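A.B. asks: Sharing a structure with you now.
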Amino acid sequence: MLSNDSCPHAAVCTAHAVAVAVRAGLLGWVLLIAGCGGSPDQQTASQADPVGHQAMLQLLQQIKEAVGPAHSHREQDRLNELLQQAEQLPPGSLARIEPLALAGEIYLRLGETKRSIVTLDEALKLAQSAGDKIPDAVDTSIRFNLGMAYLRLGENENCLANHTIDSCLAPIRGSGVHTITTGSTRAAELFRQVLRKQPDDMTTRWLLNLAVMTLGEYPEGVEPQWRIPIPDGADVEFPRFLDRAGDLGLDITTLAGGAIVDDFNGDQLLDVVVSDWDPAGQIRFFRNNGAGGFVDETEAANLIGILGGLNLMHADYDNDGDLDILLLRGGWLMDVGNHPNSLLQNDGCGRFVDVTFPSGLAEEAFPTQTASWADYDGDGDLDLYIGNEQHPNQLFQNQNDGTFIDVASAAGVDDDGYSKAVTWGDFDGDDLPDIYVSNLKQANRLFQNQGDGTFVDVALAAGVTGPQKGFPVWFWDYNNDGALDLFATSYWQDISLTAASYLGKDHPSEHDHLYRNAGDGTFREVSQDVGLSVVTQPMGCNFGDLNNDGFLDFYLGTGYPEFEALSPNLMYLNQNGERFVDVSAAGGFGHLQKGHGVVFADIDQDGDQDVFHELGGWFKGDPFRNALFENPGFGNHWLAVQLVGTESNRCAIGARISLTFSENGTERHVYRWVSSGGSFGCNPLRQHVGVGKATEIAMLEVHWPTSGRTQSWSNIPVDQFIRVTEDATDFQTLPYPHHPFVSSHDGHHHHHHHH
């Protein structure tokens, strides 16, 4: 059993010991796959591998008990020390100010908002009684933190406890305006007090604008000298996407986590999987019921006890025709984040077994929140690249027997930067997937696949080493020229930079980099040319085609762990591959809560992509409800394509789809590569391709990089779901009935789904 004072590496030591024991006992290990028609009572996933699955459950329970919810044990110990210090001093002693002020901050992080307010208030009264005996900076710091606690109180009482479809959407209006006003009113007063002493404090200025906005008094209610223009979307013609998560029971309250939307039980309907980084946070599996709603089947999916995980990825790693899940743990936790990841094998019916130990993926455990699947060696199965933070990255070669071997060092991809995102993409079009690594503390890497099992870093020559502080990243073809471009984000954690950006003031933060593929092995950074120059501070991310025009749009979930990091999540609409327009406010995407897993998917099967968003912060006191923004439709046409590999990997990751069609008399080409999209959030592997006003697809081509085969068909009707199998002469048309989302009895206020 791990104890509170155990060494930081206890978890990884335990994980390694378990891995060795499990593998020794499971030589010749075979997973028994139960048919979907079989009774779960007769054969559950955990019965298929009771040893490895149970070993993981026990280890995760030990980690949870050792560190506490959201790693709170250490914070609680520190809080107790501070309170004891304060108690041992006379009531009026100025020496009590510091321990009380620090204790107040910890209370807020632990979710004890009202205690935080009481404690900070006591510290402030002492500071006021001191007059000139303490520096102004101490007084303003306490006022700021007290204002932050009151602002969070307002969020708790309104956005969480009395949630509406407008809650926390910037600019706040309609039913998003707070009805319980104490928190924001007091917060605004305190922020004004800080600004009178520190008028140039951009962070406080930003938060004052938000507090006043929650009261329905923005912009007039903010003094002109402190006002910050926050776009209201009035000048952008774009329809509102309404948050339907509450109607569907998907608005569970979580901390930061990942999200996947895909079909996990073979019924062609899109299910939802979400994680919660908290070591006590239960992964959740929501089955699409085919009637416009979801059923929480976490228990039926054999996932009870699978805890933690800041990010999720999915793929059919064992080529058995169903989608498996990789859960990533330990990100941001430094020396106390050596928690094993989880590889969850699907039995085809949406029941999972944790096979991490027997697979060889838990020989070592390093803090991570990023990984990506691809068949780098062309043998027809998927390999796994994991980006670690304080340790070299790992490349796990699939042995095609359920096990993996780390070959990163021999392959030359054991990058030792603080990796926050990794992604595969064939940037040079040679049918060999290459790797891009986004590092927070070093130059980014572009590892070019040499075709012999090794890679060479060509980032400098290709011109893609920046930004200096990177986070989410993805390959995509944003301009439909048939070559993969690259989006690499910038992550400078400071809300004052956001405020400066909105005001058009100079600031040190880099902007996100959009690298356009030049077709000669190099890229050109074009973010400024296409209208992408604001500070974004992104974490969650993904891309899709909101209006079915064939050009890919993208959504960034913004923020960083501190409570003050409240900035609108950002949706950008692609205009013909030439410019991007911010539709966050107009479309209702400008959520102020911290954004993580992002997914674009046609969940209700009405022919357009909805957007699911996992929301919630890092600290125990900073959770939020997840959102699902329903696409109102744009009247354009589309084609949904599911690829099935035979010689290539079964779920077709890395295959390329090309569509040629005529729109308004002009011939157009649209390209898609099969992947789950961005590095924080997973789209379905089926590809949803918008074709605008086209009524027929003149040519569909599918290129399979492993076999080198290209299939083509002509004159295909639009608005249908087809399946293309690698060795087939024709495609299959699959049923695609529209399942309108159900409405709750009270469509305004949402009942609460706890995590």
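By order of appearance in the structure tokens: chains A, B, ..., then residues from 1 within every chain, and ligands from 1 in the order shown.
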Which polymer residues have any atom within 10 Å of an atom of range 392-409 of chain A, counting only C-alpha atoms, with same-chain residues fewer than 4 positions away left out, as a PyMOL selection string?
C.D. replies: chain A and resi 28-31+317-319+345+355-361+363+366+368+371-377+379-388+413-419+422+437+453-455
A.B. asks: Using 10 Å as the limit and counting only C-alpha atoms, can you tabulate each residue of range 108-224 of chain A that touches range 67-86 of chain A, with its shortest atom-to-atom distance in Å and the two atoms involved, as a tab-separated table?
C.D. replies:
```
residue	atom	partner	partner_atom	distance
A:Arg109	CA	A:Glu75	CA	8.7
A:Leu110	CA	A:Ser72	CA	7.0
A:Thr119	CA	A:Leu83	CA	9.7
```
A.B. asks: Keeping C-alpha atoms, export the residues of the selection given above as a compact mmCIF listing (two decimals), in the first residue's frame.
C.D. replies:
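See out.txt below for the written result:
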```txt
# COMPACT_ATOMS: atom_id res chain seq x y z
CA ARG A 109 -8.33 25.10 -4.61
CA LEU A 110 -9.89 22.39 -2.43
CA THR A 119 -10.39 33.04 5.89
```
A.B. asks: Got a sec: who's within 10 Å of Leu242 in chain A, counting only C-alpha atoms, leaving out chain neighbours fewer than 3 positions off, as a PyMOL selection string?
C.D. replies: chain A and resi 165-166+239+245+587-589+610+627-632
A.B. asks: Filtering to N, CA and C atoms, could you give me those residues as an mmCIF file, in the first residue's frame?
C.D. replies:
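Saved result, out_30.cif, follows:
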```cif
data_model
loop_
_atom_site.group_PDB
_atom_site.id
_atom_site.type_symbol
_atom_site.label_atom_id
_atom_site.label_comp_id
_atom_site.auth_asym_id
_atom_site.auth_seq_id
_atom_site.Cartn_x
_atom_site.Cartn_y
_atom_site.Cartn_z
ATOM 1 N N ILE A 165 -28.594 26.983 -20.498
ATOM 2 C CA ILE A 165 -27.869 26.816 -21.760
ATOM 3 C C ILE A 165 -26.984 28.014 -22.085
ATOM 4 N N ASP A 166 -27.147 29.122 -21.370
ATOM 5 C CA ASP A 166 -26.313 30.309 -21.597
ATOM 6 C C ASP A 166 -25.197 30.456 -20.564
ATOM 7 N N PRO A 239 -24.974 31.109 -37.138
ATOM 8 C CA PRO A 239 -26.072 30.722 -36.234
ATOM 9 C C PRO A 239 -25.577 30.222 -34.885
ATOM 10 N N ALA A 245 -26.203 19.250 -23.793
ATOM 11 C CA ALA A 245 -25.672 18.212 -22.902
ATOM 12 C C ALA A 245 -26.599 17.926 -21.731
ATOM 13 N N GLY A 587 -21.622 31.895 -32.396
ATOM 14 C CA GLY A 587 -22.073 30.506 -32.378
ATOM 15 C C GLY A 587 -22.355 29.952 -30.999
ATOM 16 N N GLY A 588 -22.047 30.735 -29.944
ATOM 17 C CA GLY A 588 -22.278 30.248 -28.587
ATOM 18 C C GLY A 588 -21.215 29.286 -28.090
ATOM 19 N N PHE A 589 -20.001 29.390 -28.640
ATOM 20 C CA PHE A 589 -18.904 28.490 -28.259
ATOM 21 C C PHE A 589 -17.947 29.109 -27.243
ATOM 22 N N ASP A 610 -21.869 18.099 -34.763
ATOM 23 C CA ASP A 610 -22.071 18.747 -33.478
ATOM 24 C C ASP A 610 -20.707 18.814 -32.788
ATOM 25 N N ALA A 627 -20.206 20.005 -22.172
ATOM 26 C CA ALA A 627 -21.161 20.641 -23.086
ATOM 27 C C ALA A 627 -21.258 19.857 -24.390
ATOM 28 N N LEU A 628 -22.427 19.931 -25.021
ATOM 29 C CA LEU A 628 -22.618 19.384 -26.368
ATOM 30 C C LEU A 628 -23.383 20.419 -27.184
ATOM 31 N N PHE A 629 -22.688 21.029 -28.132
ATOM 32 C CA PHE A 629 -23.286 22.089 -28.942
ATOM 33 C C PHE A 629 -23.903 21.483 -30.202
ATOM 34 N N GLU A 630 -25.230 21.637 -30.330
ATOM 35 C CA GLU A 630 -25.937 21.042 -31.465
ATOM 36 C C GLU A 630 -25.862 21.943 -32.693
ATOM 37 N N ASN A 631 -25.469 21.348 -33.803
ATOM 38 C CA ASN A 631 -25.371 22.078 -35.065
ATOM 39 C C ASN A 631 -26.769 22.339 -35.617
ATOM 40 N N PRO A 632 -27.132 23.609 -35.863
ATOM 41 C CA PRO A 632 -28.477 23.917 -36.371
ATOM 42 C C PRO A 632 -28.639 23.622 -37.856
#
```
A.B. asks: When distances are computed from only C-alpha atoms, which of A:Val674, A:Ala500, A:Leu307, A:Ala259 shows the smallest separation from Pro279 in chain A?
C.D. replies: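 Closest to Pro279 in chain A of all the choices is A:Leu307.
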A.B. asks: Env of Phe475 in chain A: 9 Å cut, atoms = only C-alpha atoms, seq-sep filter 2 positions within chain, self excluded. Answer as an NGL selection string.
C.D. replies: :A and (423-427 or 436 or 473 or 477 or 484-488 or 677-678)
A.B. asks: Pull N, CA and C atoms from the residues just selected and write them as an mmCIF file, in the first residue's frame.
C.D. replies:
```cif
data_model
loop_
_atom_site.group_PDB
_atom_site.id
_atom_site.type_symbol
_atom_site.label_atom_id
_atom_site.label_comp_id
_atom_site.auth_asym_id
_atom_site.auth_seq_id
_atom_site.Cartn_x
_atom_site.Cartn_y
_atom_site.Cartn_z
ATOM 1 N N THR A 423 1.764 14.026 -32.707
ATOM 2 C CA THR A 423 0.803 13.654 -33.750
ATOM 3 C C THR A 423 1.547 13.083 -34.950
ATOM 4 N N TRP A 424 0.924 12.104 -35.598
ATOM 5 C CA TRP A 424 1.477 11.511 -36.817
ATOM 6 C C TRP A 424 0.836 12.159 -38.040
ATOM 7 N N GLY A 425 1.603 12.270 -39.115
ATOM 8 C CA GLY A 425 1.066 12.723 -40.390
ATOM 9 C C GLY A 425 2.123 12.564 -41.471
ATOM 10 N N ASP A 426 1.697 12.169 -42.659
ATOM 11 C CA ASP A 426 2.631 11.974 -43.773
ATOM 12 C C ASP A 426 2.815 13.301 -44.501
ATOM 13 N N PHE A 427 3.666 14.157 -43.945
ATOM 14 C CA PHE A 427 3.771 15.531 -44.471
ATOM 15 C C PHE A 427 4.428 15.580 -45.846
ATOM 16 N N TYR A 436 5.239 14.677 -35.423
ATOM 17 C CA TYR A 436 5.521 16.031 -34.933
ATOM 18 C C TYR A 436 5.349 16.037 -33.423
ATOM 19 N N VAL A 473 -1.521 20.306 -30.922
ATOM 20 C CA VAL A 473 -1.001 20.341 -32.284
ATOM 21 C C VAL A 473 -1.798 19.367 -33.143
ATOM 22 N N ASP A 477 -5.282 19.359 -43.675
ATOM 23 C CA ASP A 477 -5.141 20.055 -44.948
ATOM 24 C C ASP A 477 -6.159 21.186 -44.956
ATOM 25 N N LEU A 484 -0.547 17.835 -46.345
ATOM 26 C CA LEU A 484 -0.848 18.060 -44.932
ATOM 27 C C LEU A 484 -0.135 19.297 -44.402
ATOM 28 N N ASP A 485 -0.924 20.202 -43.851
ATOM 29 C CA ASP A 485 -0.406 21.374 -43.155
ATOM 30 C C ASP A 485 -0.351 21.051 -41.660
ATOM 31 N N LEU A 486 0.142 21.996 -40.878
ATOM 32 C CA LEU A 486 0.394 21.735 -39.462
ATOM 33 C C LEU A 486 -0.037 22.932 -38.628
ATOM 34 N N PHE A 487 -0.780 22.673 -37.561
ATOM 35 C CA PHE A 487 -1.149 23.743 -36.628
ATOM 36 C C PHE A 487 -0.442 23.467 -35.309
ATOM 37 N N ALA A 488 0.418 24.380 -34.877
ATOM 38 C CA ALA A 488 1.192 24.219 -33.645
ATOM 39 C C ALA A 488 0.903 25.408 -32.739
ATOM 40 N N GLY A 677 -8.128 13.381 -35.244
ATOM 41 C CA GLY A 677 -8.079 14.841 -35.242
ATOM 42 C C GLY A 677 -6.962 15.409 -34.399
ATOM 43 N N GLY A 678 -7.311 16.395 -33.558
ATOM 44 C CA GLY A 678 -6.316 17.100 -32.752
ATOM 45 C C GLY A 678 -5.764 16.250 -31.623
#
```
A.B. asks: Which parts of range 385-616 of chain A does DSSP call strand (DSSP E or B) when run on the backbone here, written out as a compact mmCIF listing (two decimals) with C-alpha atoms, in the first residue's frame?
C.D. replies:
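Done, and the output landed in result_19.txt:
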```txt
# COMPACT_ATOMS: atom_id res chain seq x y z
CA TYR A 385 4.07 7.04 -29.89
CA ILE A 386 3.83 8.49 -26.37
CA GLY A 387 5.06 11.98 -25.54
CA ASN A 388 6.40 12.12 -21.98
CA GLN A 394 8.51 6.27 -26.28
CA LEU A 395 7.72 4.52 -29.57
CA PHE A 396 5.93 1.24 -28.95
CA GLN A 397 6.17 -1.11 -31.91
CA ASN A 398 3.16 -3.42 -32.16
CA PHE A 404 4.43 -3.81 -27.67
CA ILE A 405 8.17 -3.11 -27.47
CA ASP A 406 9.66 0.37 -26.95
CA SER A 419 6.27 16.98 -24.69
CA LYS A 420 2.68 18.27 -24.48
CA ALA A 421 1.41 16.99 -27.83
CA VAL A 422 2.45 14.43 -30.43
CA THR A 423 0.80 13.65 -33.75
CA TRP A 424 1.48 11.51 -36.82
CA GLY A 425 1.07 12.72 -40.39
CA ASP A 434 6.06 11.15 -39.76
CA ILE A 435 5.89 12.46 -36.17
CA TYR A 436 5.52 16.03 -34.93
CA VAL A 437 6.30 16.75 -31.27
CA SER A 438 5.11 19.93 -29.53
CA ASN A 439 7.35 20.75 -26.57
CA ARG A 445 10.50 18.26 -33.50
CA LEU A 446 9.49 16.89 -36.88
CA PHE A 447 10.72 13.32 -37.18
CA GLN A 448 10.76 12.25 -40.82
CA ASN A 449 10.21 8.52 -41.36
CA PHE A 455 13.57 8.78 -38.18
CA VAL A 456 15.49 12.03 -38.68
CA ASP A 457 14.52 15.34 -37.04
CA GLY A 470 3.97 24.56 -27.35
CA PHE A 471 0.87 22.61 -26.40
CA PRO A 472 -1.84 21.13 -28.68
CA VAL A 473 -1.00 20.34 -32.28
CA TRP A 474 -2.44 18.64 -35.35
CA PHE A 475 -1.85 17.81 -39.01
CA TRP A 476 -4.65 18.78 -41.42
CA ASP A 485 -0.41 21.37 -43.15
CA LEU A 486 0.39 21.74 -39.46
CA PHE A 487 -1.15 23.74 -36.63
CA ALA A 488 1.19 24.22 -33.64
CA THR A 489 -0.13 26.22 -30.71
CA SER A 490 1.53 28.62 -28.28
CA HIS A 513 1.59 28.91 -35.74
CA LEU A 514 -0.23 27.71 -38.85
CA TYR A 515 2.36 26.05 -41.07
CA ARG A 516 1.29 25.76 -44.70
CA ASN A 517 2.94 22.85 -46.51
CA PHE A 523 6.47 24.86 -44.42
CA ARG A 524 5.56 28.55 -44.39
CA GLU A 525 4.15 30.10 -41.19
CA PRO A 538 -5.15 26.42 -25.76
CA MET A 539 -5.35 23.01 -24.12
CA GLY A 540 -8.23 21.10 -25.72
CA CYS A 541 -8.48 21.17 -29.50
CA ASN A 542 -9.96 19.60 -32.57
CA PHE A 543 -11.10 20.35 -36.08
CA GLY A 544 -14.09 19.58 -38.26
CA ASP A 553 -12.74 24.72 -38.98
CA PHE A 554 -11.22 24.37 -35.50
CA TYR A 555 -12.06 24.82 -31.82
CA LEU A 556 -9.65 25.57 -28.98
CA GLY A 557 -10.40 24.87 -25.32
CA THR A 558 -8.55 27.60 -23.43
CA LEU A 570 -12.39 29.86 -29.42
CA MET A 571 -14.09 28.57 -32.58
CA TYR A 572 -12.63 29.58 -35.93
CA LEU A 573 -14.51 29.19 -39.22
CA ASN A 574 -12.40 28.47 -42.29
CA GLN A 575 -13.23 30.69 -45.26
CA ARG A 579 -8.85 33.18 -43.84
CA PHE A 580 -10.29 32.18 -40.47
CA VAL A 581 -13.09 34.10 -38.76
CA ASP A 582 -13.78 33.97 -35.00
CA HIS A 591 -17.28 29.13 -22.91
CA GLY A 595 -11.63 23.62 -22.04
CA HIS A 596 -10.11 20.21 -22.59
CA GLY A 597 -11.23 17.28 -24.79
CA VAL A 598 -12.91 18.63 -27.97
CA VAL A 599 -14.81 16.49 -30.48
CA PHE A 600 -16.53 17.23 -33.81
CA ALA A 601 -19.08 14.51 -34.65
CA ASP A 610 -22.07 18.75 -33.48
CA VAL A 611 -19.35 19.70 -30.98
CA PHE A 612 -18.76 17.91 -27.66
CA HIS A 613 -16.55 19.64 -25.10
CA GLU A 614 -15.08 18.26 -21.88
CA LEU A 615 -14.87 21.20 -19.46
CA GLY A 616 -13.39 21.66 -16.00
```
A.B. asks: Taking only C-alpha atoms into account, which of A:Asn311, A:Asn162, A:Asn288, A:Gln642 comes nearest Pro684 in chain A?
C.D. replies: A:Gln642
A.B. asks: Measure the distance from CA of Trp226 in chain A to CA of Tyr150 in chain A in Å and round it to one decimal.
C.D. replies: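 So the two atoms, CA of Trp226 in chain A and CA of Tyr150 in chain A, lie 19.7 Å apart.
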A.B. asks: Find the spatial neighbours of Gly665 in chain A, counting only C-alpha atoms, within a cut-off of 12 Å - ignore same-chain residues fewer than 5 positions away - and output them as a ChimeraX atom specification.
C.D. replies: /A:693-695
A.B. asks: For a test of reading the model, state the distance in Å between CA of Val273 in chain A and CA of Gln369 in chain A, rounded to one decimal.
C.D. replies: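 Between CA of Val273 in chain A and CA of Gln369 in chain A the gap is 16.2 Å.
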A.B. asks: Between CA of Asp549 in chain A and CA of Leu592 in chain A, what is the spacing in Å?
C.D. replies: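 Value for the CA of Leu592 in chain A-CA of Asp549 in chain A distance: 28.0 Å.
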A.B. asks: Return as a list in words the full set of residues in range 345-585 of chain A whose backbone-based DSSP assignment is alpha helix (DSSP H).
C.D. replies: Thr356, Phe357, Pro358, Ser359, Ala408, Ser409, Ala410, Ala411, Ala459, Leu460, Ala461, Ala462, Ile495, Ser496, Leu497, Thr498, Ala499, Ala500, Ser501, Tyr502, Leu503, Ser584 and Ala585 of chain A
